[in-house]
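This is entry.txt. It holds compact mmCIF, N, CA and C atoms.
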# COMPACT_ATOMS: atom_id res chain seq x y z
N MET A 1 -15.14 5.23 -6.47
CA MET A 1 -13.80 5.23 -5.92
C MET A 1 -13.45 3.80 -5.51
N ILE A 2 -12.19 3.45 -5.68
CA ILE A 2 -11.67 2.15 -5.28
C ILE A 2 -10.78 2.35 -4.06
N ILE A 3 -10.99 1.54 -3.04
CA ILE A 3 -10.20 1.61 -1.81
C ILE A 3 -9.46 0.29 -1.64
N VAL A 4 -8.16 0.39 -1.37
CA VAL A 4 -7.33 -0.79 -1.15
C VAL A 4 -6.78 -0.74 0.26
N LEU A 5 -6.92 -1.85 0.98
CA LEU A 5 -6.30 -2.03 2.29
C LEU A 5 -5.32 -3.19 2.16
N ALA A 6 -4.05 -2.92 2.40
CA ALA A 6 -3.03 -3.96 2.27
C ALA A 6 -2.24 -4.03 3.58
N LYS A 7 -2.45 -5.12 4.31
CA LYS A 7 -1.83 -5.30 5.63
C LYS A 7 -0.56 -6.13 5.52
N ALA A 8 0.52 -5.60 6.10
CA ALA A 8 1.81 -6.29 6.11
C ALA A 8 2.21 -6.59 7.56
N ILE A 9 2.77 -7.76 7.77
CA ILE A 9 3.27 -8.14 9.09
C ILE A 9 4.78 -8.33 8.96
N PRO A 10 5.55 -7.35 9.40
CA PRO A 10 7.01 -7.45 9.30
C PRO A 10 7.56 -8.59 10.15
N ASN A 11 8.71 -9.14 9.72
CA ASN A 11 9.36 -10.23 10.46
C ASN A 11 9.77 -9.82 11.86
N ASP A 12 10.29 -8.62 12.01
CA ASP A 12 10.75 -8.13 13.30
C ASP A 12 10.85 -6.60 13.23
N GLU A 13 11.31 -5.99 14.29
CA GLU A 13 11.36 -4.52 14.35
C GLU A 13 12.33 -3.94 13.32
N ASP A 14 13.46 -4.60 13.09
CA ASP A 14 14.40 -4.12 12.07
C ASP A 14 13.76 -4.16 10.69
N ALA A 15 13.10 -5.26 10.38
CA ALA A 15 12.42 -5.40 9.08
C ALA A 15 11.33 -4.34 8.94
N LYS A 16 10.65 -4.06 10.04
CA LYS A 16 9.59 -3.05 10.01
C LYS A 16 10.15 -1.67 9.67
N MET A 17 11.27 -1.32 10.27
CA MET A 17 11.87 -0.01 10.01
C MET A 17 12.34 0.10 8.55
N ILE A 18 12.90 -0.97 8.01
CA ILE A 18 13.32 -0.97 6.60
C ILE A 18 12.09 -0.85 5.71
N PHE A 19 11.04 -1.60 6.02
CA PHE A 19 9.80 -1.56 5.25
C PHE A 19 9.25 -0.14 5.21
N ILE A 20 9.18 0.50 6.35
CA ILE A 20 8.68 1.88 6.42
C ILE A 20 9.56 2.81 5.59
N ASP A 21 10.86 2.64 5.72
CA ASP A 21 11.79 3.52 5.00
C ASP A 21 11.63 3.40 3.49
N ILE A 22 11.58 2.18 2.98
CA ILE A 22 11.47 2.04 1.53
C ILE A 22 10.07 2.34 1.01
N SER A 23 9.08 2.34 1.89
CA SER A 23 7.72 2.67 1.48
C SER A 23 7.58 4.13 1.06
N SER A 24 8.42 4.99 1.58
CA SER A 24 8.29 6.42 1.27
C SER A 24 8.42 6.69 -0.23
N ASP A 25 9.34 5.98 -0.92
CA ASP A 25 9.49 6.16 -2.36
C ASP A 25 8.25 5.67 -3.10
N LEU A 26 7.73 4.49 -2.70
CA LEU A 26 6.52 3.95 -3.31
C LEU A 26 5.36 4.92 -3.13
N ILE A 27 5.20 5.44 -1.93
CA ILE A 27 4.08 6.34 -1.63
C ILE A 27 4.18 7.62 -2.46
N GLU A 28 5.37 8.20 -2.50
CA GLU A 28 5.56 9.45 -3.25
C GLU A 28 5.24 9.25 -4.73
N LYS A 29 5.78 8.20 -5.32
CA LYS A 29 5.55 7.95 -6.75
C LYS A 29 4.10 7.56 -7.03
N SER A 30 3.49 6.83 -6.13
CA SER A 30 2.10 6.41 -6.32
C SER A 30 1.15 7.60 -6.24
N LYS A 31 1.42 8.53 -5.34
CA LYS A 31 0.58 9.71 -5.22
C LYS A 31 0.64 10.59 -6.47
N ALA A 32 1.72 10.47 -7.23
CA ALA A 32 1.87 11.26 -8.45
C ALA A 32 1.20 10.61 -9.66
N GLU A 33 0.73 9.39 -9.50
CA GLU A 33 0.10 8.68 -10.61
C GLU A 33 -1.28 9.25 -10.92
N GLU A 34 -1.62 9.19 -12.21
CA GLU A 34 -2.95 9.61 -12.62
C GLU A 34 -3.98 8.67 -12.00
N GLY A 35 -5.02 9.23 -11.47
CA GLY A 35 -6.09 8.44 -10.87
C GLY A 35 -5.91 8.16 -9.39
N ASN A 36 -4.77 8.54 -8.82
CA ASN A 36 -4.59 8.33 -7.39
C ASN A 36 -5.23 9.46 -6.61
N ILE A 37 -5.99 9.11 -5.61
CA ILE A 37 -6.63 10.08 -4.73
C ILE A 37 -5.83 10.21 -3.44
N ASP A 38 -5.38 9.08 -2.90
CA ASP A 38 -4.61 9.09 -1.66
C ASP A 38 -3.86 7.76 -1.53
N TYR A 39 -2.72 7.80 -0.82
CA TYR A 39 -1.89 6.60 -0.67
C TYR A 39 -1.04 6.81 0.57
N ASN A 40 -1.29 6.04 1.63
CA ASN A 40 -0.56 6.21 2.88
C ASN A 40 -0.28 4.88 3.55
N LEU A 41 0.67 4.89 4.47
CA LEU A 41 1.02 3.72 5.26
C LEU A 41 0.82 4.05 6.73
N TYR A 42 0.13 3.17 7.43
CA TYR A 42 -0.16 3.38 8.85
C TYR A 42 0.42 2.23 9.68
N ASP A 43 0.85 2.57 10.88
CA ASP A 43 1.47 1.63 11.81
C ASP A 43 0.46 1.32 12.91
N ASP A 44 0.12 0.04 13.06
CA ASP A 44 -0.79 -0.38 14.13
C ASP A 44 0.03 -0.62 15.39
N VAL A 45 -0.11 0.25 16.35
CA VAL A 45 0.70 0.16 17.57
C VAL A 45 0.30 -1.03 18.44
N ASN A 46 -0.86 -1.62 18.20
CA ASN A 46 -1.31 -2.76 19.01
C ASN A 46 -0.65 -4.07 18.60
N ASP A 47 -0.51 -4.29 17.29
CA ASP A 47 0.04 -5.58 16.86
C ASP A 47 1.30 -5.47 16.01
N GLY A 48 1.76 -4.25 15.74
CA GLY A 48 2.99 -4.07 14.98
C GLY A 48 2.84 -4.22 13.48
N SER A 49 1.62 -4.43 13.01
CA SER A 49 1.42 -4.56 11.58
C SER A 49 1.41 -3.18 10.91
N LEU A 50 1.55 -3.19 9.60
CA LEU A 50 1.51 -1.97 8.81
C LEU A 50 0.37 -2.09 7.81
N MET A 51 -0.30 -0.97 7.54
CA MET A 51 -1.45 -1.00 6.64
C MET A 51 -1.34 0.11 5.60
N PHE A 52 -1.27 -0.30 4.33
CA PHE A 52 -1.41 0.67 3.25
C PHE A 52 -2.90 0.94 3.07
N VAL A 53 -3.26 2.21 2.95
CA VAL A 53 -4.62 2.61 2.62
C VAL A 53 -4.51 3.45 1.36
N GLU A 54 -5.10 2.93 0.30
CA GLU A 54 -5.02 3.58 -1.01
C GLU A 54 -6.42 3.92 -1.50
N LYS A 55 -6.50 5.04 -2.22
CA LYS A 55 -7.76 5.42 -2.86
C LYS A 55 -7.47 5.75 -4.31
N TRP A 56 -8.24 5.14 -5.20
CA TRP A 56 -8.08 5.30 -6.64
C TRP A 56 -9.39 5.71 -7.28
N GLU A 57 -9.31 6.44 -8.37
CA GLU A 57 -10.52 6.88 -9.06
C GLU A 57 -11.24 5.71 -9.73
N SER A 58 -10.48 4.71 -10.22
CA SER A 58 -11.11 3.59 -10.94
C SER A 58 -10.26 2.32 -10.82
N VAL A 59 -10.87 1.21 -11.16
CA VAL A 59 -10.17 -0.07 -11.19
C VAL A 59 -9.05 -0.01 -12.22
N GLU A 60 -9.29 0.65 -13.33
CA GLU A 60 -8.28 0.77 -14.38
C GLU A 60 -7.04 1.48 -13.86
N ASP A 61 -7.24 2.55 -13.07
CA ASP A 61 -6.11 3.27 -12.48
C ASP A 61 -5.32 2.37 -11.54
N LEU A 62 -6.02 1.59 -10.75
CA LEU A 62 -5.36 0.65 -9.83
C LEU A 62 -4.57 -0.39 -10.61
N LYS A 63 -5.16 -0.93 -11.66
CA LYS A 63 -4.46 -1.94 -12.47
C LYS A 63 -3.20 -1.35 -13.11
N GLU A 64 -3.28 -0.11 -13.58
CA GLU A 64 -2.10 0.54 -14.15
C GLU A 64 -1.02 0.73 -13.08
N HIS A 65 -1.44 1.10 -11.88
CA HIS A 65 -0.50 1.25 -10.76
C HIS A 65 0.26 -0.04 -10.50
N MET A 66 -0.46 -1.15 -10.56
CA MET A 66 0.14 -2.45 -10.25
C MET A 66 1.14 -2.90 -11.32
N GLN A 67 1.20 -2.19 -12.43
CA GLN A 67 2.16 -2.51 -13.50
C GLN A 67 3.36 -1.56 -13.51
N THR A 68 3.37 -0.59 -12.59
CA THR A 68 4.47 0.38 -12.57
C THR A 68 5.75 -0.25 -12.02
N GLU A 69 6.86 0.30 -12.45
CA GLU A 69 8.16 -0.21 -12.02
C GLU A 69 8.33 -0.07 -10.50
N HIS A 70 7.91 1.06 -9.93
CA HIS A 70 8.11 1.26 -8.49
C HIS A 70 7.26 0.29 -7.67
N PHE A 71 6.07 -0.05 -8.14
CA PHE A 71 5.22 -1.01 -7.43
C PHE A 71 5.83 -2.41 -7.48
N ILE A 72 6.26 -2.82 -8.65
CA ILE A 72 6.84 -4.16 -8.84
C ILE A 72 8.13 -4.31 -8.03
N LYS A 73 9.00 -3.32 -8.10
CA LYS A 73 10.26 -3.39 -7.35
C LYS A 73 10.01 -3.43 -5.84
N PHE A 74 9.06 -2.65 -5.37
CA PHE A 74 8.73 -2.65 -3.95
C PHE A 74 8.29 -4.05 -3.52
N GLY A 75 7.40 -4.66 -4.29
CA GLY A 75 6.92 -5.99 -3.97
C GLY A 75 8.04 -7.01 -3.90
N GLN A 76 8.99 -6.91 -4.80
CA GLN A 76 10.13 -7.83 -4.79
C GLN A 76 11.01 -7.59 -3.57
N TYR A 77 11.22 -6.32 -3.24
CA TYR A 77 12.13 -5.98 -2.15
C TYR A 77 11.60 -6.41 -0.78
N ILE A 78 10.30 -6.33 -0.57
CA ILE A 78 9.76 -6.62 0.77
C ILE A 78 9.57 -8.10 1.05
N GLN A 79 9.75 -8.96 0.07
CA GLN A 79 9.50 -10.39 0.27
C GLN A 79 10.22 -10.97 1.48
N ASN A 80 11.43 -10.53 1.73
CA ASN A 80 12.20 -11.05 2.87
C ASN A 80 11.98 -10.25 4.16
N LEU A 81 11.13 -9.22 4.09
CA LEU A 81 10.88 -8.38 5.26
C LEU A 81 9.58 -8.74 5.99
N VAL A 82 8.72 -9.52 5.33
CA VAL A 82 7.41 -9.82 5.90
C VAL A 82 7.28 -11.29 6.26
N ALA A 83 6.46 -11.55 7.28
CA ALA A 83 6.27 -12.90 7.79
C ALA A 83 5.37 -13.75 6.89
N CYS A 84 4.53 -13.08 6.09
CA CYS A 84 3.60 -13.79 5.21
C CYS A 84 3.16 -12.85 4.09
N GLU A 85 2.39 -13.38 3.16
CA GLU A 85 1.86 -12.56 2.08
C GLU A 85 1.03 -11.40 2.67
N LEU A 86 1.04 -10.28 1.97
CA LEU A 86 0.21 -9.16 2.41
C LEU A 86 -1.26 -9.57 2.30
N GLU A 87 -2.04 -9.16 3.28
CA GLU A 87 -3.49 -9.38 3.24
C GLU A 87 -4.09 -8.18 2.52
N ILE A 88 -4.64 -8.40 1.33
CA ILE A 88 -5.11 -7.29 0.50
C ILE A 88 -6.61 -7.40 0.29
N GLU A 89 -7.30 -6.30 0.56
CA GLU A 89 -8.73 -6.20 0.31
C GLU A 89 -8.97 -4.98 -0.57
N VAL A 90 -9.85 -5.16 -1.57
CA VAL A 90 -10.16 -4.08 -2.50
C VAL A 90 -11.67 -3.85 -2.46
N PHE A 91 -12.05 -2.58 -2.30
CA PHE A 91 -13.46 -2.22 -2.17
C PHE A 91 -13.84 -1.16 -3.21
N SER A 92 -15.06 -1.23 -3.64
CA SER A 92 -15.63 -0.17 -4.47
C SER A 92 -16.53 0.65 -3.55
N SER A 93 -16.41 1.96 -3.65
CA SER A 93 -17.13 2.82 -2.70
C SER A 93 -17.67 4.05 -3.39
N ASP A 94 -18.82 4.47 -2.95
CA ASP A 94 -19.37 5.75 -3.39
C ASP A 94 -19.33 6.70 -2.21
N LYS A 95 -18.91 7.91 -2.48
CA LYS A 95 -18.88 8.91 -1.41
C LYS A 95 -20.30 9.38 -1.13
N LEU A 96 -20.65 9.43 0.14
CA LEU A 96 -21.97 9.89 0.55
C LEU A 96 -21.90 11.34 0.98
N GLU A 97 -22.85 12.11 0.57
CA GLU A 97 -22.95 13.52 0.98
C GLU A 97 -24.08 13.65 1.98
N PHE A 98 -23.82 14.32 3.07
CA PHE A 98 -24.85 14.54 4.10
C PHE A 98 -25.27 15.97 4.10
Encoding of this model in structure tokens:
Amino acid sequence: MIIVLAKAIPNDEDAKMIFIDISSDLIEKSKAEEGNIDYNLYDDVNDGSLMFVEKWESVEDLKEHMQTEHFIKFGQYIQNLVACELEIEVFSSDKLEF
């Protein structure tokens, strides 16, 4: 499984609300993609940042996601809403059974 953590720091509270609002379309469409396991956005109440947490079956599925129209348009739209580039970390993980 591939796990993506993408942290966004909105410019201000108005930008944050717009970011959250437009994220709903990205999340809905991404969850419908082949190979997607989970895709959510979380709000850090301590520092005001937002974190996408994504789970994909494979690197290939993630790469295909990054070429979709909804992903590209979202990236273009948020450029003026964030204080800096998103901090993105990608991990490969195996599920452990206890």
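For the residues A:Val90, A:Ile2, A:Ile22, A:Ile72, ranking by smallest atom-to-atom distance to Glu54 (chain A) using all atoms listed in the file places A:Ile2 first.
Around Ala6 (chain A), within 8 Å and counting all atoms listed in the file, the residues found are A:Ile3, A:Ile9, A:Leu50, A:Met51, A:Phe52, A:Val53, A:Glu54, A:Leu86, A:Glu87, A:Ile88, A:Glu89, A:Val90, once anything fewer than 3 positions away on its own chain is removed.
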Problem set entry | Separation of CA of Gln76 (chain A) from atom N of Ser93 (chain A), in Å and rounded to one decimal | 28.3 Å
Problem set entry | Residue neighbourhood region 17-21 of chain A, 7 Å, all atoms listed in the file, exclusion window fewer than 4 positions, as a VMD selection string | chain A and resid 12 to 13 25 78 81
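Between Leu26 (chain A) and the residues A:Asn46, A:Leu5, A:Phe74, A:Lys63, the shortest atom-to-atom distance, using all atoms listed in the file, involves A:Phe74.
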Problem set entry | Picked from region 4-97 of chain A by DSSP as helix (DSSP H, G or I), as a PyMOL selection string | chain A and resi 13-31+59-65+69-78
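Note that the spacing between atom N of Asp14 (chain A) and atom C of Asn40 (chain A) amounts to 19.2 Å.
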Problem set entry | Long-range neighbours of Asp38 (chain A) as a PyMOL selection string, 8 Å cut-off, all atoms listed in the file, 5 positions minimum in chain | chain A and resi 30-31+53-57
Problem set entry | Pick from A:Glu28, A:Asp44, A:Ile37, A:Ser23, whichever lies nearest to Lys73 (chain A) using only C-alpha atoms | A:Ser23
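Taking atom C of Gly35 (chain A) and atom N of Leu62 (chain A) as endpoints, the distance between them is 6.7 Å.
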For this session: Based on DSSP run over this structure's backbone, return all residues of chain A in strand (DSSP E or B), as a ChimeraX atom specification.
Result: /A:2-8,10,36-43,50-56,82,87-92
Based on the selection just made, write N, CA and C atoms of those residues as a PDB file, in the coordinates of the input.
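Output below, filename result-v7.pdb:
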ATOM      1  N   ILE A   2     -12.190   3.450  -5.680  1.00  0.00           N
ATOM      2  CA  ILE A   2     -11.670   2.150  -5.280  1.00  0.00           C
ATOM      3  C   ILE A   2     -10.780   2.350  -4.060  1.00  0.00           C
ATOM      4  N   ILE A   3     -10.990   1.540  -3.040  1.00  0.00           N
ATOM      5  CA  ILE A   3     -10.200   1.610  -1.810  1.00  0.00           C
ATOM      6  C   ILE A   3      -9.460   0.290  -1.640  1.00  0.00           C
ATOM      7  N   VAL A   4      -8.160   0.390  -1.370  1.00  0.00           N
ATOM      8  CA  VAL A   4      -7.330  -0.790  -1.150  1.00  0.00           C
ATOM      9  C   VAL A   4      -6.780  -0.740   0.260  1.00  0.00           C
ATOM     10  N   LEU A   5      -6.920  -1.850   0.980  1.00  0.00           N
ATOM     11  CA  LEU A   5      -6.300  -2.030   2.290  1.00  0.00           C
ATOM     12  C   LEU A   5      -5.320  -3.190   2.160  1.00  0.00           C
ATOM     13  N   ALA A   6      -4.050  -2.920   2.400  1.00  0.00           N
ATOM     14  CA  ALA A   6      -3.030  -3.960   2.270  1.00  0.00           C
ATOM     15  C   ALA A   6      -2.240  -4.030   3.580  1.00  0.00           C
ATOM     16  N   LYS A   7      -2.450  -5.120   4.310  1.00  0.00           N
ATOM     17  CA  LYS A   7      -1.830  -5.300   5.630  1.00  0.00           C
ATOM     18  C   LYS A   7      -0.560  -6.130   5.520  1.00  0.00           C
ATOM     19  N   ALA A   8       0.520  -5.600   6.100  1.00  0.00           N
ATOM     20  CA  ALA A   8       1.810  -6.290   6.110  1.00  0.00           C
ATOM     21  C   ALA A   8       2.210  -6.590   7.560  1.00  0.00           C
ATOM     22  N   PRO A  10       5.550  -7.350   9.400  1.00  0.00           N
ATOM     23  CA  PRO A  10       7.010  -7.450   9.300  1.00  0.00           C
ATOM     24  C   PRO A  10       7.560  -8.590  10.150  1.00  0.00           C
ATOM     25  N   ASN A  36      -4.770   8.540  -8.820  1.00  0.00           N
ATOM     26  CA  ASN A  36      -4.590   8.330  -7.390  1.00  0.00           C
ATOM     27  C   ASN A  36      -5.230   9.460  -6.610  1.00  0.00           C
ATOM     28  N   ILE A  37      -5.990   9.110  -5.610  1.00  0.00           N
ATOM     29  CA  ILE A  37      -6.630  10.080  -4.730  1.00  0.00           C
ATOM     30  C   ILE A  37      -5.830  10.210  -3.440  1.00  0.00           C
ATOM     31  N   ASP A  38      -5.380   9.080  -2.900  1.00  0.00           N
ATOM     32  CA  ASP A  38      -4.610   9.090  -1.660  1.00  0.00           C
ATOM     33  C   ASP A  38      -3.860   7.760  -1.530  1.00  0.00           C
ATOM     34  N   TYR A  39      -2.720   7.800  -0.820  1.00  0.00           N
ATOM     35  CA  TYR A  39      -1.890   6.600  -0.670  1.00  0.00           C
ATOM     36  C   TYR A  39      -1.040   6.810   0.570  1.00  0.00           C
ATOM     37  N   ASN A  40      -1.290   6.040   1.630  1.00  0.00           N
ATOM     38  CA  ASN A  40      -0.560   6.210   2.880  1.00  0.00           C
ATOM     39  C   ASN A  40      -0.280   4.880   3.550  1.00  0.00           C
ATOM     40  N   LEU A  41       0.670   4.890   4.470  1.00  0.00           N
ATOM     41  CA  LEU A  41       1.020   3.720   5.260  1.00  0.00           C
ATOM     42  C   LEU A  41       0.820   4.050   6.730  1.00  0.00           C
ATOM     43  N   TYR A  42       0.130   3.170   7.430  1.00  0.00           N
ATOM     44  CA  TYR A  42      -0.160   3.380   8.850  1.00  0.00           C
ATOM     45  C   TYR A  42       0.420   2.230   9.680  1.00  0.00           C
ATOM     46  N   ASP A  43       0.850   2.570  10.880  1.00  0.00           N
ATOM     47  CA  ASP A  43       1.470   1.630  11.810  1.00  0.00           C
ATOM     48  C   ASP A  43       0.460   1.320  12.910  1.00  0.00           C
ATOM     49  N   LEU A  50       1.550  -3.190   9.600  1.00  0.00           N
ATOM     50  CA  LEU A  50       1.510  -1.970   8.810  1.00  0.00           C
ATOM     51  C   LEU A  50       0.370  -2.090   7.810  1.00  0.00           C
ATOM     52  N   MET A  51      -0.300  -0.970   7.540  1.00  0.00           N
ATOM     53  CA  MET A  51      -1.450  -1.000   6.640  1.00  0.00           C
ATOM     54  C   MET A  51      -1.340   0.110   5.600  1.00  0.00           C
ATOM     55  N   PHE A  52      -1.270  -0.300   4.330  1.00  0.00           N
ATOM     56  CA  PHE A  52      -1.410   0.670   3.250  1.00  0.00           C
ATOM     57  C   PHE A  52      -2.900   0.940   3.070  1.00  0.00           C
ATOM     58  N   VAL A  53      -3.260   2.210   2.950  1.00  0.00           N
ATOM     59  CA  VAL A  53      -4.620   2.610   2.620  1.00  0.00           C
ATOM     60  C   VAL A  53      -4.510   3.450   1.360  1.00  0.00           C
ATOM     61  N   GLU A  54      -5.100   2.930   0.300  1.00  0.00           N
ATOM     62  CA  GLU A  54      -5.020   3.580  -1.010  1.00  0.00           C
ATOM     63  C   GLU A  54      -6.420   3.920  -1.500  1.00  0.00           C
ATOM     64  N   LYS A  55      -6.500   5.040  -2.220  1.00  0.00           N
ATOM     65  CA  LYS A  55      -7.760   5.420  -2.860  1.00  0.00           C
ATOM     66  C   LYS A  55      -7.470   5.750  -4.310  1.00  0.00           C
ATOM     67  N   TRP A  56      -8.240   5.140  -5.200  1.00  0.00           N
ATOM     68  CA  TRP A  56      -8.080   5.300  -6.640  1.00  0.00           C
ATOM     69  C   TRP A  56      -9.390   5.710  -7.280  1.00  0.00           C
ATOM     70  N   VAL A  82       8.720  -9.520   5.330  1.00  0.00           N
ATOM     71  CA  VAL A  82       7.410  -9.820   5.900  1.00  0.00           C
ATOM     72  C   VAL A  82       7.280 -11.290   6.260  1.00  0.00           C
ATOM     73  N   GLU A  87      -2.040  -9.160   3.280  1.00  0.00           N
ATOM     74  CA  GLU A  87      -3.490  -9.380   3.240  1.00  0.00           C
ATOM     75  C   GLU A  87      -4.090  -8.180   2.520  1.00  0.00           C
ATOM     76  N   ILE A  88      -4.640  -8.400   1.330  1.00  0.00           N
ATOM     77  CA  ILE A  88      -5.110  -7.290   0.500  1.00  0.00           C
ATOM     78  C   ILE A  88      -6.610  -7.400   0.290  1.00  0.00           C
ATOM     79  N   GLU A  89      -7.300  -6.300   0.560  1.00  0.00           N
ATOM     80  CA  GLU A  89      -8.730  -6.200   0.310  1.00  0.00           C
ATOM     81  C   GLU A  89      -8.970  -4.980  -0.570  1.00  0.00           C
ATOM     82  N   VAL A  90      -9.850  -5.160  -1.570  1.00  0.00           N
ATOM     83  CA  VAL A  90     -10.160  -4.080  -2.500  1.00  0.00           C
ATOM     84  C   VAL A  90     -11.670  -3.850  -2.460  1.00  0.00           C
ATOM     85  N   PHE A  91     -12.050  -2.580  -2.300  1.00  0.00           N
ATOM     86  CA  PHE A  91     -13.460  -2.220  -2.170  1.00  0.00           C
ATOM     87  C   PHE A  91     -13.840  -1.160  -3.210  1.00  0.00           C
ATOM     88  N   SER A  92     -15.060  -1.230  -3.640  1.00  0.00           N
ATOM     89  CA  SER A  92     -15.630  -0.170  -4.470  1.00  0.00           C
ATOM     90  C   SER A  92     -16.530   0.650  -3.550  1.00  0.00           C
TER      91      SER A  92
END
Problem set entry | Top pick for closest residue to Lys29 (chain A), considering A:Lys95, A:Lys16, A:His70, A:Lys7 and counting only C-alpha atoms | A:His70
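When only C-alpha atoms are used to measure the gap to Thr68 (chain A), the shortest distance among A:Ala32, A:Glu97, A:Asp47, A:Pro10 belongs to A:Ala32.
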